[in-house]
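> Next up is a structure, given as structure tokens.
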Amino acid sequence: MDSSSQIQPTNKKLKLSLNNEDDEDHHTIHEEYFGLKDLPNDVILNILIKLPISSLIQFRLVCKPWKLLSIHPDLHRLHQSAAANDDPTLLFHSDYPIRNHLSFVELSSDCDRDDDCKIVRKIYTPFSGSMPEFNVVGSCNGLLCLSDSLYGEPVFLFNPFSMDYLELPKSKQFQEQEVLFGFGFHPDSNEYKVVKIVYYRTWQGRRRIIRKNRNYPKSEVQILTISKQIDDKSCSWRCLGKVPYLLDKQATEGPVVNGRIHWVSRPGRITGVPGRAIVSFDLKDELFKVVAKPSHAVVNRGNNYHLAAIKGCLAVVISCGYGKLEIWVMKEYDRKESWVKEFVIHGAFPAKVVSHEHRDYGIWRWRSGGRMVRVLCVLKNGEILMEYRGGSLVKYDPKWKEFKDVVFNRMPKLFRTIVHVGTLNWVR
């Protein structure tokens, strides 16, 4: 072959100098080497929105022009829209063997590797000095809400990929209390809100008797609004009065659908319906409301179901006994007639589950609500991703009715999974 037709090797390296006098040459080298300066903006954006969030973060660290491009408002909006329609990122919250930590793995279609070839990577938590032990309240619109696992405070908002974080103001505390948090985002108001539901009691000279009683007769709802329009001085908790329902603290899932956070009530009779009710909190109107349950005998009389968000719709996962799960999806929000039995899974509990010696350790001790299995999401290929108690992931193929264990490299031994859509969003 003629040597003139071969690509000649070059020892030319990209300069990553931070000296001011080298900045101009540094930027020129990057732009010429990668040819970005010759591409229209819409073409560049179309390339970037297809990157996984971890790759997009690396992109912004290459040079100043690329960092400026990464903060383009259209890029944030388009990348978030593309990520929402792709398979999510899985965050693993683990407190075994010593202290709390977060890690992640990307399931997006841009990561063209089998599950066993994907690597779980740790997430640095810059606030660990002030809050070493934490609970994950929820994930919404690219951000996490975290609270101290022992005292409930401090509370942080955190973007696990951009590393931006914000410690929220202190809220009102009661000496004897039980706390349930909720976290969500409403697109109409473009505001994040943290909801703190407190059940408490006041004891006066009856300390010994009351400590044995787990009943908290009084309640209070506190709410904090966070947005770019609200500065730190104006950011403070507001009291909305009493809670009209007794919500189940152990049912920690609070899926956000249609601008509302959803919980399950404690067993009882609400609005004349026995069993546990589905209670929503509207992030815009700041009002509670009972959502109609599917017309299913087990749901109406029992307590063995949990909530999930599946493809933007509210879903109820019902354990019918003998290893059978039913997944009901509300196709049109707040219309009882729109509940549809979308999936039926037989033999869910006999699926292979990793046996952990410390399965009741830490985050799984109280936060599972006694359930063996939890439905996380439905992937783009139609498979259902489930998590078994203690930290074991399984995919179920509804077409072939097959189970498959999901194992990643460097996966923690004990964990709780958070379904997350990675974005560059931030509140400041």
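Ligands are numbered from 1 in the order shown, chains are lettered A, B, ... in the order of the structure tokens, and residues start at 1 in each chain.
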DSSP on the backbone: what in region 136-178 of chain A comes out strand (DSSP E or B), as number ranges by chain?
A: 136-140, 143-148, 155-158, 165-167, 176-178
> Include C-alpha atoms and write out the residues we just selected as a PDB file, in the first residue's frame.

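Just written: part.pdb:
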```
ATOM      1  CA  VAL A 136     -33.150   8.948  50.286  1.00  0.00           C
ATOM      2  CA  VAL A 137     -36.518  10.700  50.391  1.00  0.00           C
ATOM      3  CA  GLY A 138     -36.982  10.583  46.636  1.00  0.00           C
ATOM      4  CA  SER A 139     -35.753  11.411  43.153  1.00  0.00           C
ATOM      5  CA  CYS A 140     -37.534  13.909  40.930  1.00  0.00           C
ATOM      6  CA  LEU A 143     -32.450  15.887  41.889  1.00  0.00           C
ATOM      7  CA  LEU A 144     -32.360  13.806  45.057  1.00  0.00           C
ATOM      8  CA  CYS A 145     -33.776  14.770  48.421  1.00  0.00           C
ATOM      9  CA  LEU A 146     -31.885  13.287  51.372  1.00  0.00           C
ATOM     10  CA  SER A 147     -32.630  13.469  55.089  1.00  0.00           C
ATOM     11  CA  ASP A 148     -30.711  12.493  58.186  1.00  0.00           C
ATOM     12  CA  VAL A 155     -32.228  17.821  54.716  1.00  0.00           C
ATOM     13  CA  PHE A 156     -30.278  18.240  51.477  1.00  0.00           C
ATOM     14  CA  LEU A 157     -31.093  18.604  47.797  1.00  0.00           C
ATOM     15  CA  PHE A 158     -28.417  16.993  45.666  1.00  0.00           C
ATOM     16  CA  TYR A 165     -26.053  20.408  46.722  1.00  0.00           C
ATOM     17  CA  LEU A 166     -28.081  22.631  49.032  1.00  0.00           C
ATOM     18  CA  GLU A 167     -28.733  22.281  52.746  1.00  0.00           C
ATOM     19  CA  GLU A 176     -42.045  12.978  70.420  1.00  0.00           C
ATOM     20  CA  GLN A 177     -42.609  12.705  66.674  1.00  0.00           C
ATOM     21  CA  GLU A 178     -42.825  10.427  63.650  1.00  0.00           C
TER      22      GLU A 178
END
```
> Report the closest atom pair, with its distance in Å rounded to one decimal, for each residue of region 43-107 of chain A that has an atom no farther than 12 Å from region 375-385 of chain A; count only C-alpha atoms, sort by chain and then rising residue number, and write it as CSV.

```
residue,atom,partner,partner_atom,distance
A:Ala83,CA,A:Lys380,CA,11.8
A:Ala84,CA,A:Lys380,CA,11.0
A:Asn85,CA,A:Lys380,CA,8.4
A:Asp86,CA,A:Lys380,CA,6.8
A:Asp87,CA,A:Leu379,CA,5.8
A:Pro88,CA,A:Leu379,CA,8.1
A:Thr89,CA,A:Cys377,CA,11.1
A:Leu90,CA,A:Leu376,CA,9.7
A:Leu91,CA,A:Leu376,CA,11.6
A:Leu107,CA,A:Leu379,CA,9.0
```
> Given the selection you just returned, output its residues as a file containing C-alpha atoms, formatted as a compact mmCIF listing (two decimals), in the first residue's frame.

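Saved file out.txt follows:
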```
# COMPACT_ATOMS: atom_id res chain seq x y z
CA ALA A 83 -33.37 10.95 29.09
CA ALA A 84 -36.97 10.72 30.30
CA ASN A 85 -37.84 8.59 27.25
CA ASP A 86 -34.85 6.29 27.68
CA ASP A 87 -34.05 3.64 30.26
CA PRO A 88 -33.20 5.27 33.60
CA THR A 89 -30.11 5.40 35.75
CA LEU A 90 -30.17 3.19 38.82
CA LEU A 91 -28.84 4.63 42.05
CA LEU A 107 -29.19 1.50 31.74
```
> As a ChimeraX atom specification, list the residues of region 70-264 of chain A assigned to alpha helix (DSSP H) by DSSP on the backbone atoms of this structure.
/A:70,73-84,207-211
> Near Tyr305 (chain A), within 7 Å and counting only C-alpha atoms, which residues show up once chain neighbours fewer than 6 positions away are dropped, as a PyMOL selection string?
chain A and resi 316-319
> Using only C-alpha atoms for the distances, tell me which of A:Arg428, A:Lys336, A:Lys331, A:Lys64 is nearest to Tyr192 (chain A).
A:Arg428
> Can you tell me, as a list in words, what residues are no more than 9 Å from Lys170 (chain A) when counting only C-alpha atoms, ignoring any on the same chain fewer than 4 positions away?
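Listing them by chain and then by number gives Glu153, Pro154, Val155, Ser236 and Trp237 of chain A.
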> Ranking A:Thr423, A:Ser94, A:Ser338, A:Asn46 by minimum distance to Asn135 (chain A) and counting only C-alpha atoms, which one comes first?
A:Ser94
> Could you give me, as a list in words, the residues within 9 Å of Ser54 (chain A), counting only C-alpha atoms and dropping anything in the same chain fewer than 6 positions from it?
Glu106, Phe161 and Gly422 of chain A
> Please produce a file of the residues just selected, as a PDB file, in the first residue's frame, where the atoms kept are C-alpha atoms.

```
ATOM      1  CA  GLU A 106     -26.650   3.636  33.572  1.00  0.00           C
ATOM      2  CA  PHE A 161     -23.821  14.028  38.774  1.00  0.00           C
ATOM      3  CA  GLY A 422     -29.907  12.036  35.357  1.00  0.00           C
TER       4      GLY A 422
END
```
> Hey, can you check how far CA of Pro132 (chain A) sits from CA of Val194 (chain A)?
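Going from CA of Pro132 (chain A) over to CA of Val194 (chain A), I get 20.6 Å.
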> Using only C-alpha atoms, pick whichever of A:Leu283, A:Cys313, A:Leu150, A:Val329 has the shortest atom-to-atom distance to Gly182 (chain A).
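The closest residue to Gly182 (chain A) is A:Leu283.
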> Please provide the set of residues having any atom within 8 Å of region 120-129 of chain A, restricted to only C-alpha atoms, with same-chain residues fewer than 4 positions apart removed, written as a PyMOL selection string.
chain A and resi 101-105+133+160-161+163+165+408-411
> Find the residues around Lys172 (chain A) up to 10 Å (only C-alpha atoms counted), leave out those fewer than 4 positions away in its own chain, and share them as a list in words.
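The residues satisfying every condition are Lys196, Val198, Glu220, Gln222, Trp237, Arg238 and Cys239 of chain A.
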> Taking N, CA and C atoms for each residue, export the selection above as a compact mmCIF listing (two decimals), in the first residue's frame.

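The resulting file, again_12.txt, is reproduced below:
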```
# COMPACT_ATOMS: atom_id res chain seq x y z
N LYS A 196 -43.00 17.79 54.55
CA LYS A 196 -42.68 17.10 55.79
C LYS A 196 -43.97 16.89 56.58
N VAL A 198 -45.61 15.43 59.89
CA VAL A 198 -45.19 15.10 61.26
C VAL A 198 -46.40 14.63 62.05
N GLU A 220 -49.03 17.65 61.76
CA GLU A 220 -48.75 18.94 61.13
C GLU A 220 -48.06 18.70 59.79
N GLN A 222 -45.67 20.47 57.01
CA GLN A 222 -44.75 21.57 56.74
C GLN A 222 -44.26 21.43 55.30
N TRP A 237 -39.72 27.21 55.74
CA TRP A 237 -40.82 26.25 55.86
C TRP A 237 -42.13 26.97 56.20
N ARG A 238 -43.20 26.48 55.62
CA ARG A 238 -44.54 26.98 55.92
C ARG A 238 -45.38 25.85 56.51
N CYS A 239 -46.27 26.20 57.42
CA CYS A 239 -47.16 25.22 58.04
C CYS A 239 -48.51 25.25 57.32
```
> Kindly indicate which residue among A:Arg266, A:Asn190, A:Asn425, A:Gln173 lies nearest to Asp74 (chain A), using only C-alpha atoms for the distances.
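Residue with the minimum atom-to-atom distance to Asp74 (chain A): A:Asn425.
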